[in-house]
file upload-v6.txt (compact mmCIF, C-alpha atoms and all ligand atoms)
# COMPACT_ATOMS: atom_id res chain seq x y z
CA MET A 1 229.90 86.66 92.38
CA ASN A 2 229.59 90.39 91.85
CA LYS A 3 227.21 92.14 94.16
CA ILE A 4 224.35 93.65 92.22
CA ILE A 5 222.40 95.49 94.93
CA LYS A 6 223.51 98.72 96.61
CA ASP A 7 224.49 98.06 100.26
CA GLN A 8 222.20 100.90 101.35
CA LEU A 9 219.13 99.18 99.89
CA LYS A 10 219.87 95.83 101.51
CA LYS A 11 218.75 97.33 104.79
CA LEU A 12 215.18 97.77 103.54
CA LYS A 13 212.27 95.38 104.16
CA PRO A 14 209.01 95.27 102.17
CA SER A 15 206.57 97.90 103.43
CA ALA A 16 204.98 96.69 106.68
CA THR A 17 201.42 97.52 105.61
CA LEU A 18 201.53 95.58 102.35
CA GLN A 19 203.50 92.77 103.98
CA ILE A 20 200.93 92.18 106.74
CA ASN A 21 198.14 92.20 104.14
CA GLU A 22 199.82 89.47 102.12
CA GLU A 23 200.75 87.46 105.23
CA CYS A 24 197.12 87.57 106.46
CA ASN A 25 195.85 86.47 103.05
CA ARG A 26 198.33 83.59 103.09
CA LEU A 27 197.29 82.48 106.60
CA LYS A 28 193.62 82.68 105.68
CA LYS A 29 194.23 80.62 102.56
CA ILE A 30 195.71 77.79 104.60
CA GLY A 31 192.61 77.80 106.82
CA LYS A 32 193.66 79.92 109.83
CA LYS A 33 191.10 82.21 111.45
CA ILE A 34 192.62 85.66 111.07
CA TYR A 35 191.29 89.06 112.08
CA LYS A 36 192.73 91.37 109.44
CA PHE A 37 193.39 94.46 111.57
CA GLY A 38 196.88 95.00 110.12
CA PHE A 39 196.41 96.56 106.70
CA GLY A 40 194.52 99.84 106.25
CA GLN A 41 192.23 99.93 103.26
CA SER A 42 188.67 101.09 102.81
CA PRO A 43 186.22 98.18 103.09
CA PHE A 44 183.62 100.07 101.04
CA PRO A 45 182.85 99.76 97.31
CA VAL A 46 183.60 102.61 94.93
CA PRO A 47 180.41 104.70 94.36
CA ASP A 48 178.35 103.36 91.44
CA SER A 49 178.63 106.50 89.30
CA VAL A 50 182.43 106.41 89.57
CA ILE A 51 182.51 102.74 88.54
CA LEU A 52 180.28 103.59 85.61
CA ALA A 53 182.64 106.39 84.59
CA LEU A 54 185.55 103.94 84.69
CA ARG A 55 183.62 101.47 82.57
CA ASN A 56 182.62 104.14 80.07
CA ASN A 57 186.22 105.25 79.71
CA ALA A 58 187.84 101.84 79.38
CA ASN A 59 188.49 102.71 75.73
CA LYS A 60 190.72 105.67 76.65
CA ASN A 61 194.01 104.16 75.62
CA MET A 62 196.29 107.12 74.94
CA TYR A 63 198.91 108.52 77.28
CA LEU A 64 197.60 111.55 79.12
CA PRO A 65 199.57 114.71 79.99
CA MET A 66 202.39 113.97 82.43
CA GLN A 67 200.91 116.30 85.06
CA GLY A 68 197.43 114.75 84.68
CA LEU A 69 194.32 115.44 82.63
CA GLU A 70 193.49 119.16 82.54
CA GLU A 71 189.79 118.65 83.33
CA LEU A 72 190.66 116.41 86.28
CA ARG A 73 193.18 118.92 87.64
CA ALA A 74 190.69 121.77 87.37
CA THR A 75 188.08 119.66 89.19
CA ILE A 76 190.57 118.71 91.90
CA ALA A 77 191.69 122.33 92.37
CA LYS A 78 188.08 123.33 92.96
CA ASP A 79 187.58 120.54 95.47
CA LEU A 80 190.78 121.40 97.36
CA ASN A 81 189.87 125.09 97.48
CA LYS A 82 186.80 124.33 99.59
CA ASN A 83 189.22 123.53 102.35
CA ASN A 84 192.28 125.74 102.10
CA ASN A 85 193.54 129.19 101.36
CA ASN A 86 195.68 128.43 98.37
CA GLN A 87 193.29 129.13 95.55
CA PHE A 88 194.86 126.33 93.59
CA GLU A 89 194.50 126.36 89.83
CA SER A 90 194.72 123.35 87.55
CA GLU A 91 198.39 124.13 86.86
CA ASP A 92 199.16 123.69 90.59
CA ILE A 93 197.95 120.09 90.65
CA ILE A 94 200.05 117.03 89.91
CA VAL A 95 198.27 113.69 89.52
CA GLY A 96 200.17 110.51 90.39
CA PRO A 97 199.61 106.76 90.78
CA GLY A 98 198.78 107.21 94.47
CA THR A 99 200.21 109.90 96.73
CA LYS A 100 202.87 107.42 97.88
CA GLU A 101 204.71 107.77 94.56
CA LEU A 102 204.44 111.57 94.61
CA MET A 103 205.78 111.63 98.18
CA PHE A 104 208.65 109.43 97.13
CA LEU A 105 209.54 111.67 94.20
CA THR A 106 209.29 114.70 96.50
CA GLN A 107 211.84 113.09 98.80
CA ILE A 108 214.08 112.46 95.78
CA ALA A 109 213.82 116.11 94.73
CA PHE A 110 214.00 117.79 98.12
CA ASP A 111 217.38 119.15 99.17
CA GLY A 112 217.19 119.06 102.94
CA ASP A 113 216.24 117.07 106.03
CA ILE A 114 212.86 115.58 106.97
CA LEU A 115 210.97 116.25 110.21
CA LEU A 116 208.71 113.38 111.17
CA PRO A 117 206.41 113.16 114.17
CA ALA A 118 206.63 109.75 115.86
CA PRO A 119 204.30 107.99 115.20
CA SER A 120 204.13 108.51 111.45
CA TRP A 121 202.89 106.37 108.57
CA VAL A 122 205.23 103.47 107.75
CA SER A 123 206.57 104.67 104.39
CA TYR A 124 207.72 108.24 105.06
CA GLU A 125 210.94 107.16 106.76
CA PRO A 126 211.99 104.41 104.29
CA GLN A 127 211.33 106.83 101.43
CA ALA A 128 213.64 109.35 103.09
CA PHE A 129 216.22 106.61 103.55
CA ILE A 130 216.12 105.70 99.85
CA ALA A 131 216.36 109.37 98.88
CA LYS A 132 219.26 109.80 101.35
CA ASN A 133 217.45 112.47 103.35
CA LYS A 134 218.20 112.62 107.05
CA VAL A 135 215.16 112.10 109.28
CA HIS A 136 214.65 113.91 112.58
CA TRP A 137 211.97 112.26 114.70
CA ILE A 138 209.79 114.37 116.98
CA LYS A 139 208.45 112.15 119.75
CA THR A 140 204.80 112.59 120.59
CA SER A 141 202.55 110.82 123.08
CA SER A 142 198.90 110.14 123.75
CA ASN A 143 198.97 113.18 126.09
CA THR A 144 199.18 115.45 123.02
CA ASN A 145 196.81 113.31 120.97
CA TRP A 146 199.87 111.83 119.18
CA PHE A 147 200.74 115.14 117.47
CA PRO A 148 203.78 117.32 118.15
CA THR A 149 203.42 120.67 119.89
CA GLY A 150 204.83 123.82 118.29
CA LYS A 151 207.47 123.94 121.01
CA GLN A 152 208.61 120.37 120.35
CA ILE A 153 209.03 121.19 116.67
CA GLU A 154 210.90 124.39 117.45
CA ASP A 155 213.21 122.65 119.96
CA LYS A 156 214.04 120.05 117.35
CA ILE A 157 214.72 122.64 114.64
CA LYS A 158 217.08 124.55 116.93
CA ASN A 159 219.26 121.43 117.16
CA ILE A 160 219.50 120.92 113.43
CA LYS A 161 222.31 122.62 111.57
CA TYR A 162 220.95 122.18 108.08
CA LYS A 163 217.89 124.44 107.99
CA ASN A 164 216.19 123.34 104.77
CA LEU A 165 213.44 121.25 106.32
CA LEU A 166 210.35 119.40 105.20
CA LEU A 167 207.77 118.58 107.87
CA ILE A 168 205.16 115.89 107.24
CA ILE A 169 201.84 116.34 109.03
CA ASN A 170 199.09 113.74 108.65
CA SER A 171 195.65 114.47 110.09
CA PRO A 172 193.37 112.52 110.54
CA ASN A 173 196.31 110.42 111.50
CA ASN A 174 197.59 107.06 110.46
CA PRO A 175 198.33 105.24 112.85
CA SER A 176 196.56 106.96 115.77
CA GLY A 177 193.17 107.86 114.25
CA THR A 178 193.33 111.27 115.95
CA VAL A 179 192.84 114.74 114.46
CA CYS A 180 195.43 117.48 114.98
CA LYS A 181 194.01 120.34 117.11
CA ASN A 182 197.07 122.61 117.11
CA LEU A 183 197.55 123.15 113.38
CA LYS A 184 197.70 126.92 113.85
CA GLU A 185 200.52 126.65 116.36
CA ILE A 186 202.45 124.25 114.11
CA ALA A 187 201.88 126.55 111.12
CA ALA A 188 203.30 129.50 113.07
CA ILE A 189 206.54 127.61 113.74
CA ALA A 190 206.67 126.45 110.14
CA LYS A 191 206.36 130.05 109.02
CA LYS A 192 209.03 131.24 111.44
CA TYR A 193 211.56 128.71 110.09
CA ASN A 194 210.38 128.75 106.49
CA LEU A 195 209.65 125.01 106.52
CA VAL A 196 208.04 123.18 103.64
CA ILE A 197 205.02 121.25 104.93
CA LEU A 198 203.77 118.13 103.27
CA SER A 199 200.21 117.85 104.55
CA ASP A 200 199.07 114.27 104.04
CA GLU A 201 195.28 114.69 103.96
CA ILE A 202 194.37 111.29 102.54
CA TYR A 203 191.80 110.73 105.36
CA SER A 204 190.38 114.29 105.30
CA LYS A 205 187.02 113.33 103.81
CA LEU A 206 186.70 110.67 106.52
CA THR A 207 186.84 113.15 109.42
CA PHE A 208 184.07 112.04 111.77
CA ASP A 209 182.84 115.51 112.78
CA LYS A 210 182.91 116.51 109.07
CA ASN A 211 184.73 119.75 109.96
CA TYR A 212 188.03 119.05 108.33
CA LEU A 213 190.63 121.76 108.69
CA SER A 214 193.77 121.78 106.56
CA ILE A 215 197.02 123.27 107.88
CA SER A 216 197.22 125.05 104.51
CA ASN A 217 194.63 127.47 105.93
CA PHE A 218 197.34 128.84 108.21
CA TYR A 219 200.41 128.42 106.01
CA PRO A 220 199.24 128.26 102.41
CA GLU A 221 202.42 129.60 100.89
CA ARG A 222 204.63 126.55 101.56
CA THR A 223 202.18 123.72 102.27
CA ILE A 224 201.81 120.92 99.75
CA VAL A 225 198.37 119.35 100.07
CA SER A 226 198.43 115.63 99.39
CA THR A 227 195.32 113.50 98.96
CA GLY A 228 193.49 111.22 96.56
CA LEU A 229 190.86 108.57 95.86
CA SER A 230 192.12 105.64 97.90
CA LYS A 231 190.45 106.10 101.27
CA TRP A 232 187.25 108.12 100.87
CA CYS A 233 186.28 106.54 97.55
CA GLY A 234 187.22 102.96 98.43
CA ALA A 235 189.65 102.91 95.54
CA GLY A 236 193.08 102.10 97.00
CA GLY A 237 193.76 99.61 94.23
CA TRP A 238 192.98 102.15 91.52
CA ARG A 239 196.09 104.08 92.50
CA LEU A 240 195.23 107.73 91.99
CA GLY A 241 196.46 110.51 94.24
CA PHE A 242 197.51 114.09 93.75
CA PHE A 243 199.34 117.08 95.15
CA GLY A 244 198.24 120.70 95.27
CA ILE A 245 201.45 122.72 95.19
CA PRO A 246 201.45 126.45 96.05
CA LYS A 247 203.03 128.91 93.61
CA GLU A 248 205.89 129.67 95.99
CA LEU A 249 207.05 126.06 95.57
CA ASN A 250 207.00 126.20 91.77
CA GLU A 251 210.59 125.07 91.55
CA LEU A 252 209.71 121.89 93.42
CA LYS A 253 206.65 121.41 91.22
CA LYS A 254 208.75 121.70 88.07
CA SER A 255 211.20 119.13 89.36
CA LEU A 256 208.42 116.79 90.45
CA LYS A 257 206.84 117.00 87.04
CA ILE A 258 210.11 115.95 85.43
CA LEU A 259 210.50 113.07 87.88
CA CYS A 260 206.93 111.97 87.12
CA SER A 261 207.63 112.03 83.41
CA GLU A 262 210.79 109.98 83.91
CA SER A 263 209.17 107.39 86.17
CA PHE A 264 205.47 106.59 85.65
CA SER A 265 204.91 108.85 82.57
CA SER A 266 201.24 109.49 83.35
CA VAL A 267 198.50 107.84 85.42
CA SER A 268 196.20 105.23 83.85
CA ALA A 269 193.84 107.10 81.49
CA PRO A 270 190.51 105.37 82.38
CA VAL A 271 191.17 105.92 86.10
CA GLN A 272 191.80 109.64 85.52
CA TYR A 273 188.53 110.00 83.61
CA ALA A 274 186.68 108.16 86.37
CA ALA A 275 188.31 110.44 88.95
CA ILE A 276 186.64 113.44 87.29
CA GLU A 277 183.30 111.93 88.25
CA ALA A 278 184.62 111.18 91.75
CA TYR A 279 185.48 114.85 92.31
CA LYS A 280 182.72 116.48 90.24
CA GLY A 281 179.80 114.33 91.35
CA ASN A 282 177.97 114.80 94.62
CA HIS A 283 178.89 111.86 96.85
CA SER A 284 177.80 113.37 100.15
CA GLU A 285 175.14 110.70 100.72
CA TYR A 286 177.71 107.90 100.21
CA LEU A 287 180.26 109.69 102.40
CA ASN A 288 177.75 110.33 105.19
CA ARG A 289 176.91 106.66 105.35
CA VAL A 290 180.54 105.58 105.18
CA ILE A 291 181.45 108.00 107.98
CA LYS A 292 178.51 106.84 110.07
CA ILE A 293 179.70 103.23 109.84
CA LEU A 294 183.37 104.04 110.41
CA SER A 295 182.76 106.35 113.36
CA PHE A 296 180.38 103.87 115.00
CA THR A 297 182.79 100.99 114.45
CA GLY A 298 185.71 103.08 115.75
CA ASP A 299 183.69 103.97 118.80
CA TYR A 300 182.76 100.34 119.33
CA VAL A 301 186.43 99.31 119.20
CA TYR A 302 187.40 102.16 121.53
CA LYS A 303 184.75 101.35 124.13
CA ASN A 304 185.27 97.61 124.02
CA LEU A 305 189.05 97.68 124.10
CA LYS A 306 189.70 100.47 126.57
CA SER A 307 190.46 99.11 130.03
CA ASN A 308 192.65 99.77 133.02
CA VAL A 309 195.49 98.02 131.15
CA ILE A 310 194.79 99.34 127.63
CA ASN A 311 195.30 103.07 127.00
CA ILE A 312 193.66 104.33 123.89
CA ALA A 313 192.65 107.62 122.24
CA LYS A 314 189.15 107.88 120.79
CA PRO A 315 189.23 107.74 116.98
CA GLU A 316 188.31 110.98 115.20
CA GLY A 317 188.75 110.08 111.54
CA GLY A 318 190.01 107.47 109.10
CA PHE A 319 189.98 103.86 110.31
CA TYR A 320 192.77 103.34 112.80
CA ILE A 321 193.16 103.14 116.55
CA PHE A 322 196.43 102.93 118.45
CA PRO A 323 196.13 100.99 121.72
CA GLU A 324 198.90 100.85 124.28
CA PHE A 325 199.08 97.61 126.29
CA THR A 326 200.46 98.88 129.57
CA ASN A 327 200.83 95.45 131.16
CA ALA A 328 202.55 93.78 128.19
CA LYS A 329 206.12 92.68 128.90
CA PHE A 330 207.81 91.93 125.61
CA SER A 331 211.22 93.11 124.48
CA THR A 332 209.71 94.79 121.41
CA SER A 333 206.26 95.77 120.12
CA SER A 334 206.98 93.49 117.18
CA GLU A 335 207.36 90.50 119.55
CA MET A 336 204.12 91.54 121.18
CA CYS A 337 202.27 91.59 117.83
CA LYS A 338 203.66 88.15 116.95
CA ASP A 339 202.36 86.81 120.27
CA ILE A 340 198.93 88.37 119.65
CA LEU A 341 198.76 86.90 116.14
CA ASN A 342 199.82 83.43 117.30
CA LYS A 343 197.48 83.30 120.26
CA THR A 344 194.39 85.09 118.93
CA GLY A 345 194.64 85.37 115.14
CA VAL A 346 194.46 89.18 115.46
CA ALA A 347 196.88 90.87 113.06
CA LEU A 348 198.18 94.29 114.15
CA LEU A 349 201.18 96.39 113.18
CA PRO A 350 203.72 97.21 115.90
CA GLY A 351 204.28 100.82 116.97
CA SER A 352 207.94 100.44 115.98
CA ASP A 353 206.88 100.34 112.30
CA PHE A 354 205.60 103.88 112.83
CA GLY A 355 208.74 105.26 114.46
CA LEU A 356 207.96 104.53 118.12
CA GLU A 357 210.68 103.07 120.34
CA ASN A 358 210.87 99.26 120.15
CA ASP A 359 209.95 98.91 123.81
CA GLN A 360 206.75 101.00 123.62
CA MET A 361 203.98 98.42 123.78
CA VAL A 362 201.72 100.13 121.27
CA ALA A 363 200.22 98.71 118.08
CA ARG A 364 198.06 99.97 115.22
CA LEU A 365 194.66 98.41 114.71
CA SER A 366 192.76 98.99 111.46
CA TYR A 367 189.05 98.38 112.08
CA THR A 368 188.20 97.60 108.47
CA ASP A 369 187.77 93.83 108.55
CA PHE A 370 184.18 93.77 107.30
CA ASP A 371 182.36 93.85 104.00
CA GLY A 372 181.47 97.51 103.51
CA ALA A 373 179.00 96.80 100.69
CA ILE A 374 176.93 94.56 102.97
CA PHE A 375 177.20 96.97 105.91
CA LEU A 376 176.02 99.85 103.69
CA LYS A 377 173.15 97.83 102.25
CA ASN A 378 171.90 96.57 105.63
CA THR A 379 171.94 99.99 107.25
CA LEU A 380 170.52 101.97 104.33
CA GLY A 381 167.50 103.38 106.16
CA SER A 382 168.99 103.64 109.67
CA ASN A 383 169.61 107.02 111.19
CA LYS A 384 171.50 105.63 114.13
CA LEU A 385 173.54 102.46 114.35
CA ASP A 386 173.69 100.21 117.37
CA ASN A 387 175.73 97.24 118.57
CA GLU A 388 173.37 94.83 116.79
CA ASP A 389 174.43 96.41 113.48
CA ILE A 390 178.07 95.74 114.32
CA LYS A 391 177.35 92.16 115.39
CA LYS A 392 175.46 91.49 112.19
CA ASN A 393 177.66 93.36 109.70
CA ALA A 394 181.11 93.29 111.23
CA PRO A 395 181.38 90.01 113.18
CA ASN A 396 185.16 89.90 112.80
CA ILE A 397 185.41 93.26 114.56
CA VAL A 398 183.32 91.96 117.47
CA ASP A 399 185.16 88.64 117.78
CA GLY A 400 188.65 90.04 117.10
CA ILE A 401 188.27 92.81 119.67
CA ALA A 402 186.95 90.33 122.26
CA ALA A 403 189.93 88.04 121.59
CA LEU A 404 192.38 90.93 121.90
CA LYS A 405 190.83 92.10 125.14
CA GLU A 406 190.99 88.58 126.54
CA TRP A 407 194.64 88.33 125.51
CA SER A 408 195.44 91.57 127.35
CA ASN A 409 193.59 90.39 130.47
CA SER A 410 195.55 87.14 130.50
CA LEU A 411 198.95 88.87 130.65
N1 LIG B 501 197.93 103.39 103.93
C1 LIG B 501 197.56 102.04 104.18
C2 LIG B 501 198.10 101.57 105.50
O1 LIG B 501 198.76 102.28 106.19
C3 LIG B 501 197.99 101.08 103.11
C4 LIG B 501 198.59 101.61 101.88
C5 LIG B 501 200.08 101.55 101.85
O2 LIG B 501 200.72 101.45 102.91
O3 LIG B 501 200.60 101.63 100.75
O4 LIG B 501 197.88 100.46 105.89
call {"tool": "encode", "arguments": {"input": "upload-v6.txt", "output": "structure tokens"}}
result
Amino acid sequence: MNKIIKDQLKKLKPSATLQINEECNRLKKIGKKIYKFGFGQSPFPVPDSVILALRNNANKNMYLPMQGLEELRATIAKDLNKNNNNQFESEDIIVGPGTKELMFLTQIAFDGDILLPAPSWVSYEPQAFIAKNKVHWIKTSSNTNWFPTGKQIEDKIKNIKYKNLLLIINSPNNPSGTVCKNLKEIAAIAKKYNLVILSDEIYSKLTFDKNYLSISNFYPERTIVSTGLSKWCGAGGWRLGFFGIPKELNELKKSLKILCSESFSSVSAPVQYAAIEAYKGNHSEYLNRVIKILSFTGDYVYKNLKSNVINIAKPEGGFYIFPEFTNAKFSTSSEMCKDILNKTGVALLPGSDFGLENDQMVARLSYTDFDGAIFLKNTLGSNKLDNEDIKKNAPNIVDGIAALKEWSNSL
């Protein structure tokens, strides 16, 4: 029989995040008690006014402009400009079916190598692989809050012959939950070597201290800002993300626009109309309450998991934490996660899926296994949350963390 798949693509597996989600759903369906700490999606409902906008625009059935609806792009540009120095205009925005697709098309278009901090989100590297871009990993550790230092980036660049480089920075970070404190230093190196930065800011509105800082403040001229609805608006399944692309990268923008038009054409029309309300409306009350719940839950997980055998950085945004099990003796972090799942029902993703060495006993934990609508409703009037709120509204977090701690103590 003729082979019909390119050899290169046979090396790929389904994306780890989506795979663990489906595996957990399967296990739950056959009656297993599973703590769904593997996949990372917002547990909260979309704000009512945004749902209403979607409903009211269900009749919008025409294709929209390939770059996205003008009114939406203007609204997005305004929202992005609160947080960066680019002064984006509507023409600088490209709307896509999630930022994942836009990142993928960027990798297809980009003529150069990719610099990735390890750990990094699961899909950056496979996307580079598909696009045949070489990846250079920059190892980080909990000592630097899981972000690279300027010097580490510079040392890496000095060893690379091909100097057209794209650096991906993601803060608040998936998988570590930490916020990058040395953006200025990284920006200075980026400037020195004329890097393109892809700043993945999908968790920016879920920064716990509410003082989000974008690296585009320090290097606006060649930083692509990437964000969207999925995380802050509880709308991962709606699939709407966007890029703000500075004028200096117009050539890349033009190419991306063509690739968009030749792949997804344009994003679902009702979702784009609803997104106008998401970015025009005032959702600070909703966001405050979401952040209060996430930061309290993250803190609960941090305090209850941290021990003399579990190293862990305190979460600062988003909904992940990245524990290291210092006494675990498995050949790979993937083996370790399988053991945890079998013995406790806790689903985690191994550090190796995020670019760590196989023998680093680190795993990502997403503390989103609760019903956000119920948690929001039950804590409506509360200024401060306490452990009783977690016990009542997020029992799987309490039980799953206890089971994981017990597992680590039994090693
Ligand atoms: N970003 C989420 C995660 O890391 C899920 C979305 C995805 O991977 O496509 O779990």
call {"tool": "closest_residue", "arguments": {"input": "upload-v6.txt", "among": "A:Lys33, A:Lys253, A:Lys391, A:Lys156", "to": "Leu341 in chain A", "atoms": "only C-alpha atoms"}}
result
A:Lys33
call {"tool": "residues_near_ligand", "arguments": {"input": "upload-v6.txt", "ligand": "ligand LIG 501 (chain B)", "cutoff": "7 Å", "atoms": "only C-alpha atoms and all ligand atoms", "output": "ChimeraX atom specification"}}
result
/A:15,17-18,38-41,100,121-123,174
call {"tool": "residues_near_point", "arguments": {"input": "upload-v6.txt", "point": "(211.5, 117.3, 109.8)", "cutoff": "6 Å", "atoms": "only C-alpha atoms", "output": "PyMOL selection string"}}
result
chain A and resi 114-116+136+165-167
call {"tool": "closest_residue", "arguments": {"input": "upload-v6.txt", "among": "A:Gln8, A:Ser142, A:Asn133, A:Asn21", "to": "Lys314 in chain A", "atoms": "all atoms listed in the file"}}
result
A:Ser142
call {"tool": "closest_residue", "arguments": {"input": "upload-v6.txt", "among": "A:Lys303, A:Lys28, A:Lys82, A:Lys392", "to": "Asn217 in chain A", "atoms": "all atoms listed in the file"}}
result
A:Lys82
call {"tool": "closest_residue", "arguments": {"input": "upload-v6.txt", "among": "A:Asp113, A:Ser42, A:Gly241, A:Asn159", "to": "Glu125 in chain A", "atoms": "all atoms listed in the file"}}
result
A:Asp113
call {"tool": "residues_near_point", "arguments": {"input": "upload-v6.txt", "point": "(183.3, 94.6, 112.1)", "cutoff": "7 Å", "atoms": "all atoms listed in the file", "output": "compact mmCIF listing (two decimals) with C-alpha atoms, keeping the file's coordinate frame"}}
result
# COMPACT_ATOMS: atom_id res chain seq x y z
CA THR A 297 182.79 100.99 114.45
CA TYR A 367 189.05 98.38 112.08
CA THR A 368 188.20 97.60 108.47
CA ASP A 369 187.77 93.83 108.55
CA PHE A 370 184.18 93.77 107.30
CA ILE A 390 178.07 95.74 114.32
CA ASN A 393 177.66 93.36 109.70
CA ALA A 394 181.11 93.29 111.23
CA PRO A 395 181.38 90.01 113.18
CA ASN A 396 185.16 89.90 112.80
CA ILE A 397 185.41 93.26 114.56
CA VAL A 398 183.32 91.96 117.47
call {"tool": "build_atoms", "arguments": {"input": "upload-v6.txt", "residues": "range 120-140 of chain A", "atoms": "N, CA and C atoms", "output": "compact mmCIF listing (two decimals), in the frame of the given file"}}
result
# COMPACT_ATOMS: atom_id res chain seq x y z
N SER A 120 204.43 108.08 112.81
CA SER A 120 204.13 108.51 111.45
C SER A 120 203.89 107.27 110.58
N TRP A 121 203.18 107.46 109.51
CA TRP A 121 202.89 106.37 108.57
C TRP A 121 204.19 105.65 108.15
N VAL A 122 204.06 104.35 107.91
CA VAL A 122 205.23 103.47 107.75
C VAL A 122 206.18 103.84 106.61
N SER A 123 205.70 104.51 105.57
CA SER A 123 206.57 104.67 104.39
C SER A 123 207.36 105.98 104.34
N TYR A 124 206.99 106.97 105.17
CA TYR A 124 207.72 108.24 105.06
C TYR A 124 209.23 108.04 105.32
N GLU A 125 209.53 107.29 106.37
CA GLU A 125 210.94 107.16 106.76
C GLU A 125 211.75 106.34 105.75
N PRO A 126 211.24 105.16 105.31
CA PRO A 126 211.99 104.41 104.29
C PRO A 126 212.17 105.21 103.00
N GLN A 127 211.18 106.00 102.64
CA GLN A 127 211.33 106.83 101.43
C GLN A 127 212.47 107.83 101.62
N ALA A 128 212.55 108.41 102.81
CA ALA A 128 213.64 109.35 103.09
C ALA A 128 214.98 108.63 103.02
N PHE A 129 215.00 107.42 103.55
CA PHE A 129 216.22 106.61 103.55
C PHE A 129 216.69 106.36 102.12
N ILE A 130 215.76 105.98 101.25
CA ILE A 130 216.12 105.70 99.85
C ILE A 130 216.64 106.97 99.18
N ALA A 131 215.97 108.09 99.52
CA ALA A 131 216.36 109.37 98.88
C ALA A 131 217.57 110.01 99.57
N LYS A 132 218.09 109.32 100.60
CA LYS A 132 219.26 109.80 101.35
C LYS A 132 218.99 111.13 102.04
N ASN A 133 217.79 111.29 102.54
CA ASN A 133 217.45 112.47 103.35
C ASN A 133 217.51 112.08 104.82
N LYS A 134 218.12 112.92 105.61
CA LYS A 134 218.20 112.62 107.05
C LYS A 134 216.83 112.87 107.69
N VAL A 135 216.45 111.95 108.58
CA VAL A 135 215.16 112.10 109.28
C VAL A 135 215.39 112.52 110.73
N HIS A 136 214.64 113.50 111.17
CA HIS A 136 214.65 113.91 112.58
C HIS A 136 213.28 113.58 113.15
N TRP A 137 213.25 112.66 114.11
CA TRP A 137 211.97 112.26 114.70
C TRP A 137 211.58 113.23 115.81
N ILE A 138 210.32 113.56 115.88
CA ILE A 138 209.79 114.37 116.98
C ILE A 138 208.84 113.47 117.76
N LYS A 139 209.26 113.12 118.97
CA LYS A 139 208.45 112.15 119.75
C LYS A 139 207.16 112.79 120.24
N THR A 140 206.07 112.10 120.07
CA THR A 140 204.80 112.59 120.59
C THR A 140 204.25 111.53 121.55
